[in-house]
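**Q** So here's upload06.cif, just mmCIF, C-alpha atoms and all ligand atoms:
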data_start
loop_
_atom_site.label_atom_id
_atom_site.label_comp_id
_atom_site.auth_asym_id
_atom_site.auth_seq_id
_atom_site.Cartn_x
_atom_site.Cartn_y
_atom_site.Cartn_z
CA MET A 1 0.00 0.00 0.00
CA THR A 2 1.80 3.12 -1.18
CA ASP A 3 -1.08 5.55 -1.21
CA PHE A 4 -2.34 4.96 2.29
CA GLY A 5 -3.95 8.40 2.54
CA GLN A 6 -6.42 7.70 -0.27
CA SER A 7 -9.89 6.20 -0.07
CA TYR A 8 -10.70 3.11 -2.14
CA ALA A 9 -13.97 1.69 -3.38
CA THR A 10 -13.50 -1.46 -1.29
CA ASP A 11 -12.91 0.45 1.99
CA ALA A 12 -15.06 -0.43 4.99
CA TYR A 13 -16.84 2.32 6.92
CA ILE A 14 -18.26 2.35 10.39
CA GLU A 15 -22.06 1.91 10.40
CA ARG A 16 -23.78 5.25 10.13
CA GLU A 17 -25.83 4.71 13.31
CA LYS A 18 -22.61 4.21 15.29
CA TYR A 19 -21.11 7.51 14.24
CA PRO A 20 -22.57 9.52 17.18
CA VAL A 21 -21.18 7.08 19.75
CA LEU A 22 -17.82 7.13 17.96
CA ILE A 23 -17.78 10.90 18.42
CA SER A 24 -18.95 10.90 22.04
CA SER A 25 -16.51 8.12 23.04
CA PHE A 26 -13.66 9.97 21.40
CA ARG A 27 -14.59 13.23 23.13
CA ARG A 28 -14.76 11.63 26.54
CA ILE A 29 -11.41 9.87 26.12
CA ASP A 30 -9.98 13.14 24.85
CA CYS A 31 -11.30 14.83 27.95
CA VAL A 32 -9.58 12.20 30.13
CA GLN A 33 -6.33 12.92 28.34
CA SER A 34 -6.54 16.69 28.78
CA HIS A 35 -7.53 16.25 32.40
CA MET A 36 -4.74 13.86 33.42
CA GLY A 37 -2.01 15.03 31.06
CA HIS A 38 -0.42 13.37 28.00
CA GLY A 39 2.34 11.59 29.92
CA ASN A 40 0.29 9.40 32.24
CA PHE A 41 -2.40 8.96 29.60
CA ASN A 42 0.12 6.99 27.50
CA VAL A 43 0.01 4.15 30.01
CA LEU A 44 -3.59 4.44 31.22
CA GLY A 45 -5.49 1.14 31.52
CA PHE A 46 -9.11 0.69 30.39
CA ASP A 47 -10.59 0.13 33.85
CA GLU A 48 -8.60 3.04 35.22
CA MET A 49 -10.07 5.19 32.46
CA LEU A 50 -13.63 4.20 33.39
CA ARG A 51 -12.92 4.97 37.04
CA TYR A 52 -11.45 8.30 36.05
CA GLY A 53 -14.67 9.25 34.27
CA ARG A 54 -16.72 8.36 37.34
CA ARG A 55 -14.44 10.30 39.66
CA TYR A 56 -14.32 13.60 37.78
CA SER A 57 -17.57 15.26 36.89
CA SER A 58 -15.82 17.43 34.29
CA VAL A 59 -15.04 14.20 32.38
CA GLY A 60 -18.25 12.36 33.25
CA GLU A 61 -18.99 8.66 33.45
CA PHE A 62 -18.65 6.64 30.23
CA THR A 63 -22.16 5.67 29.14
CA GLN A 64 -23.00 2.03 28.60
CA ALA A 65 -23.22 2.66 24.86
CA GLU A 66 -19.74 4.18 24.85
CA GLU A 67 -18.30 1.34 26.87
CA MET A 68 -19.88 -1.21 24.54
CA PHE A 69 -18.66 0.66 21.50
CA LEU A 70 -15.08 0.75 22.81
CA GLU A 71 -15.24 -2.96 23.53
CA GLU A 72 -16.55 -3.60 20.06
CA ILE A 73 -13.77 -1.58 18.41
CA PHE A 74 -11.26 -3.65 20.36
CA THR A 75 -12.80 -7.05 19.67
CA THR A 76 -13.82 -6.60 16.02
CA ASP A 77 -11.53 -8.52 13.70
CA ALA A 78 -9.47 -5.79 12.02
CA LYS A 79 -9.08 -7.98 8.93
CA ARG A 80 -12.70 -7.13 8.20
CA TYR A 81 -11.62 -3.64 7.26
CA GLY A 82 -8.34 -4.66 5.67
CA PHE A 83 -5.76 -4.45 8.45
CA MET A 84 -3.75 -7.66 8.26
CA GLY A 85 -1.22 -7.00 11.04
CA LYS A 86 -1.09 -9.21 14.09
CA LYS A 87 -3.10 -8.69 17.27
CA VAL A 88 -0.53 -8.39 20.05
CA ILE A 89 -2.79 -7.59 23.02
CA GLU A 90 -5.72 -9.89 23.58
CA GLU A 91 -7.19 -8.31 26.65
CA LEU A 92 -8.87 -4.91 26.59
CA THR A 93 -8.39 -4.36 30.29
CA ALA A 94 -4.78 -5.55 30.63
CA PRO A 95 -3.01 -2.93 32.75
CA ILE A 96 0.61 -1.77 32.38
CA PRO A 97 2.00 -2.24 35.90
CA GLU A 98 4.03 0.63 37.28
CA LYS A 99 6.95 -1.66 38.08
CA ASP A 100 7.26 -2.69 34.42
CA ARG A 101 7.56 0.79 32.97
CA LYS A 102 9.92 3.69 33.18
CA LYS A 103 9.23 7.34 32.49
CA ILE A 104 11.82 8.78 30.13
CA GLY A 105 12.77 12.27 31.26
CA HIS A 106 11.88 15.31 29.14
CA THR A 107 9.89 13.27 26.63
CA GLY A 108 6.51 12.66 28.29
CA HIS A 109 6.83 9.01 27.24
CA PHE A 110 7.40 5.67 28.93
CA LEU A 111 9.38 2.58 27.97
CA TYR A 112 9.15 -0.95 29.27
CA ARG A 113 11.97 -1.84 31.61
CA GLY A 114 14.29 -4.46 30.20
CA GLU A 115 14.87 -4.77 26.47
CA SER A 116 13.18 -1.52 25.33
CA GLU A 117 14.88 0.62 27.94
CA ARG A 118 18.24 -1.01 27.26
CA LEU A 119 17.96 -0.50 23.51
CA TYR A 120 16.97 3.15 23.90
CA LYS A 121 19.92 3.81 26.22
CA LYS A 122 22.30 2.18 23.77
CA LEU A 123 20.82 4.18 20.93
CA GLN A 124 21.40 7.40 22.85
CA GLN A 125 24.97 6.44 23.65
CA ASP A 126 25.62 5.74 19.99
CA LEU A 127 23.81 8.73 18.53
CA GLY A 128 23.91 11.33 21.28
CA THR A 129 21.23 13.89 22.05
CA GLY A 130 20.35 14.46 18.39
CA ILE A 131 17.92 11.58 18.64
CA VAL A 132 14.94 11.44 21.00
CA LEU A 133 12.05 9.18 21.99
CA THR A 134 8.90 10.45 20.25
CA SER A 135 6.47 7.70 21.27
CA GLY A 136 6.98 4.87 23.72
CA ILE A 137 4.48 2.61 25.45
CA ARG A 138 0.93 3.13 24.29
CA SER A 139 -1.77 1.48 26.30
CA VAL A 140 -4.91 0.15 24.63
CA VAL A 141 -6.65 3.35 25.75
CA LYS A 142 -3.99 5.54 24.13
CA GLN A 143 -4.11 3.54 20.89
CA THR A 144 -7.91 3.70 20.92
CA HIS A 145 -7.78 7.47 21.29
CA LEU A 146 -5.42 7.76 18.31
CA PHE A 147 -7.44 5.31 16.23
CA LEU A 148 -10.76 7.01 16.90
CA ALA A 149 -9.23 10.39 16.01
CA LYS A 150 -8.00 8.91 12.72
CA SER A 151 -11.39 7.32 12.07
CA ILE A 152 -13.15 10.65 12.58
CA GLN A 153 -10.61 12.39 10.33
CA SER A 154 -11.33 9.72 7.72
CA GLU A 155 -15.09 10.30 8.08
CA GLY A 156 -15.71 6.82 9.42
CA ASN A 157 -13.48 5.04 6.90
CA LEU A 158 -11.90 2.38 9.14
CA SER A 159 -9.83 0.93 6.30
CA LYS A 160 -8.20 4.28 5.64
CA ALA A 161 -7.66 4.94 9.36
CA SER A 162 -6.00 1.55 9.82
CA ARG A 163 -3.64 2.13 6.89
CA SER A 164 -1.85 4.84 8.83
CA LEU A 165 -2.43 3.66 12.39
CA SER A 166 -2.77 0.23 13.96
CA PRO A 167 -6.18 -0.46 15.49
CA PRO A 168 -6.29 -0.91 19.29
CA GLY A 169 -4.64 -4.16 20.37
CA HIS A 170 -2.55 -4.31 17.19
CA SER A 171 0.15 -1.79 17.98
CA TYR A 172 3.56 -3.09 18.93
CA HIS A 173 3.86 0.06 21.07
CA GLY A 174 1.74 -1.89 23.52
CA VAL A 175 4.40 -4.55 23.90
CA GLY A 176 7.78 -2.83 23.58
CA ASP A 177 8.40 -1.08 20.24
CA PHE A 178 8.96 2.68 20.23
CA ASP A 179 9.49 5.62 17.89
CA VAL A 180 12.45 7.93 17.73
CA GLY A 181 13.01 11.21 15.94
CA LYS A 182 15.48 13.97 15.40
CA THR A 183 15.56 16.38 18.34
CA GLY A 184 13.68 19.57 17.50
CA PHE A 185 12.20 18.16 14.28
CA GLY A 186 8.64 18.14 15.69
CA ARG A 187 5.86 16.55 13.66
CA LYS A 188 8.17 16.07 10.69
CA ASN A 189 9.59 13.11 12.61
CA PHE A 190 6.45 11.21 11.62
CA THR A 191 6.85 11.88 7.91
CA GLN A 192 9.13 10.71 5.14
CA ALA A 193 11.28 13.78 5.86
CA PHE A 194 12.74 11.89 8.82
CA ALA A 195 14.11 9.22 6.46
CA GLU A 196 16.15 11.97 4.77
CA THR A 197 17.90 13.17 7.91
CA GLU A 198 21.49 12.50 8.94
CA GLU A 199 20.15 10.97 12.17
CA PHE A 200 18.17 8.41 10.24
CA ARG A 201 21.20 7.53 8.10
CA LYS A 202 23.19 6.90 11.29
CA LEU A 203 20.41 4.71 12.67
CA VAL A 204 20.58 2.65 9.49
CA ASP A 205 24.39 2.50 9.51
CA LEU A 206 24.41 1.30 13.11
CA GLY A 207 21.84 -1.37 12.39
CA TYR A 208 18.96 0.00 14.46
CA VAL A 209 16.51 0.09 11.62
CA ASP A 210 14.70 -3.17 11.24
CA ILE A 211 11.46 -2.12 9.65
CA ARG A 212 8.32 -3.61 11.18
CA TYR A 213 6.20 -2.96 8.10
CA PRO A 214 8.35 -2.55 4.97
CA ARG A 215 7.53 -0.21 2.11
CA ASP A 216 4.79 -1.61 -0.15
CA ASN A 217 3.94 -4.36 2.34
CA MET A 218 0.81 -6.39 1.67
CA LEU A 219 -0.54 -6.07 5.20
CA GLY A 220 -2.27 -2.77 4.62
CA VAL A 221 0.10 -0.88 6.93
CA ARG A 222 2.07 2.27 6.30
CA TYR A 223 5.87 2.15 6.11
CA GLU A 224 7.31 3.98 9.16
CA PRO A 225 11.08 4.54 9.14
CA TRP A 226 10.95 6.14 12.61
CA HIS A 227 9.65 2.99 14.30
CA ILE A 228 12.16 0.91 16.29
CA LYS A 229 11.36 -2.77 16.47
CA VAL A 230 12.11 -4.35 19.83
CA VAL A 231 9.79 -7.31 20.25
ZN ZN B 301 5.78 3.36 16.04
#
Could you spell out this file's structure in structure tokens?
Ligand SMILES: [Zn+2]

**A**
Amino acid sequence: MTDFGQSYATDAYIEREKYPVLISSFRRIDCVQSHMGHGNFNVLGFDEMLRYGRRYSSVGEFTQAEEMFLEEIFTTDAKRYGFMGKKVIEELTAPIPEKDRKKIGHTGHFLYRGESERLYKKLQQDLGTGIVLTSGIRSVVKQTHLFLAKSIQSEGNLSKASRSLSPPGHSYHGVGDFDVGKTGFGRKNFTQAFAETEEFRKLVDLGYVDIRYPRDNMLGVRYEPWHIKVV
């Protein structure tokens, strides 16, 4: 898939009657994120999120329809809308225990202790401060938030959304992979422009780049040179 940003005749859309609950679920999750801050939201568990809604009236309790919708998005077979990548998290409510994760200073992101943390440290030793963590652990909640935002942007086209972002449960960010970018490069780190930087060339030369989803892969997933494969 080279033109992942396009719509195709065979694309699958969310049912029209579910669109309002897609919007309201997204808004409430978005509200949770603004309320608790981006950092901790990255590792927020599903049950914790529901409790958070109940606790803060400015967020408000998730309605039964919203809860059911979020469960459905998680359990629906993503192959139905063309995403052929593997499901790596089977349980919607699986938490990310505090003892297993480490907050990485000045980034607002977390990494799993062990292999991910070790690889990131090594990468920093080899490349210096020119390279920085741009996305670490993403809980199912975080991935759901991103996926719903993409789905709304794509006007309910789930196939199109899933071509540029893994559906909840399918992101390797949930199990150890992470993204890096060039310090100070901002959003351009998540574009092809990153692949043209000196930092990227060094990553390749030092053998860090082992692409999870290669260019023109048949799995319906975008090629992402900034993504570091750990698992
Ligand atoms: Zn990534």

**Q** Do a neighbour search on Asn157 (chain A) at 9 Å with all atoms listed in the file, toss out local chain neighbours closer than 6 positions, and write the hits as a list in words.

**A**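 After dropping sequence-adjacent residues, the list is Ser7, Asp11, Ala12, Tyr13, Ile14, Tyr81, Lys150 and Ser151 of chain A.
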
**Q** Residues within 6 Å of ligand ZN 301 (chain B) (only C-alpha atoms and all ligand atoms), as JSON, numbers by chain?

**A** {"A": [178, 179, 227]}

**Q** Find the residues near Ser135 (chain A): any atom within 10 Å, counting all atoms listed in the file, skip ones fewer than 6 places away on the same chain, and give them as an MDAnalysis selection string.

**A** chainID A and resid 42 107:111 173 177:181 226:227

**Q** Could you build a table of the residues in region 66-158 of chain A lying no more than 9 Å from region 163-167 of chain A, giving for each the nearest pair of atoms and their separation in Å rounded to one decimal place, using all atoms listed in the file, ordered by chain and ascending residue number, as JSON lines?

**A**
{"residue": "A:Ile73", "atom": "CA", "partner": "A:Pro167", "partner_atom": "CA", "distance": 8.2}
{"residue": "A:Phe74", "atom": "CA", "partner": "A:Pro167", "partner_atom": "CA", "distance": 7.7}
{"residue": "A:Ala78", "atom": "CA", "partner": "A:Pro167", "partner_atom": "CA", "distance": 7.2}
{"residue": "A:Gly82", "atom": "CA", "partner": "A:Arg163", "partner_atom": "CA", "distance": 8.3}
{"residue": "A:Phe83", "atom": "CA", "partner": "A:Arg163", "partner_atom": "CA", "distance": 7.1}
{"residue": "A:Gly85", "atom": "CA", "partner": "A:Ser166", "partner_atom": "CA", "distance": 7.9}
{"residue": "A:Lys87", "atom": "CA", "partner": "A:Pro167", "partner_atom": "CA", "distance": 9.0}
{"residue": "A:Gln143", "atom": "CA", "partner": "A:Pro167", "partner_atom": "CA", "distance": 7.0}
{"residue": "A:Thr144", "atom": "CA", "partner": "A:Pro167", "partner_atom": "CA", "distance": 7.1}
{"residue": "A:Leu146", "atom": "CA", "partner": "A:Leu165", "partner_atom": "CA", "distance": 7.8}
{"residue": "A:Phe147", "atom": "CA", "partner": "A:Pro167", "partner_atom": "CA", "distance": 6.0}
{"residue": "A:Leu148", "atom": "CA", "partner": "A:Pro167", "partner_atom": "CA", "distance": 8.9}
{"residue": "A:Lys150", "atom": "CA", "partner": "A:Leu165", "partner_atom": "CA", "distance": 7.7}
{"residue": "A:Leu158", "atom": "CA", "partner": "A:Arg163", "partner_atom": "CA", "distance": 8.6}

**Q** I need the residue nearest Gly5 (chain A) from this list: A:Ala161, A:Ile29, A:Leu206, A:Leu22. Use all atoms listed in the file for the distance.

**A** A:Ala161

**Q** Restricting the calculation to only C-alpha atoms: of A:Thr76, A:Asn217, A:Asn40, A:Gln33, which residue gets closest to Val59 (chain A)?

**A**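 Closest candidate: A:Gln33.
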
**Q** What's the separation between CA of Gln192 (chain A) and CA of Gly37 (chain A), in Å to one decimal place?

**A**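 One can read the CA of Gln192 (chain A) to CA of Gly37 (chain A) distance as 28.5 Å.
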
**Q** Between CA of Ala149 (chain A) and CA of Gly60 (chain A), what is the spacing in Å?

**A** 19.6 Å

**Q** My list of candidates is A:Pro214, A:Phe46, A:Ile23, A:Ser139. Which is closest to Glu71 (chain A) when distances are computed with all atoms listed in the file?

**A**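 Smallest distance to Glu71 (chain A) is found for A:Phe46.
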
**Q** With distances taken over all atoms listed in the file, which of A:Glu98, A:Arg215, A:Gly128, A:Leu92 is nearest to Pro168 (chain A)?

**A**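 Residue with the minimum atom-to-atom distance to Pro168 (chain A): A:Leu92.
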
**Q** Counting all atoms listed in the file, which of A:Pro95, A:Leu123, A:Thr197, A:Arg80 gets nearest to Phe185 (chain A)?

**A** A:Thr197
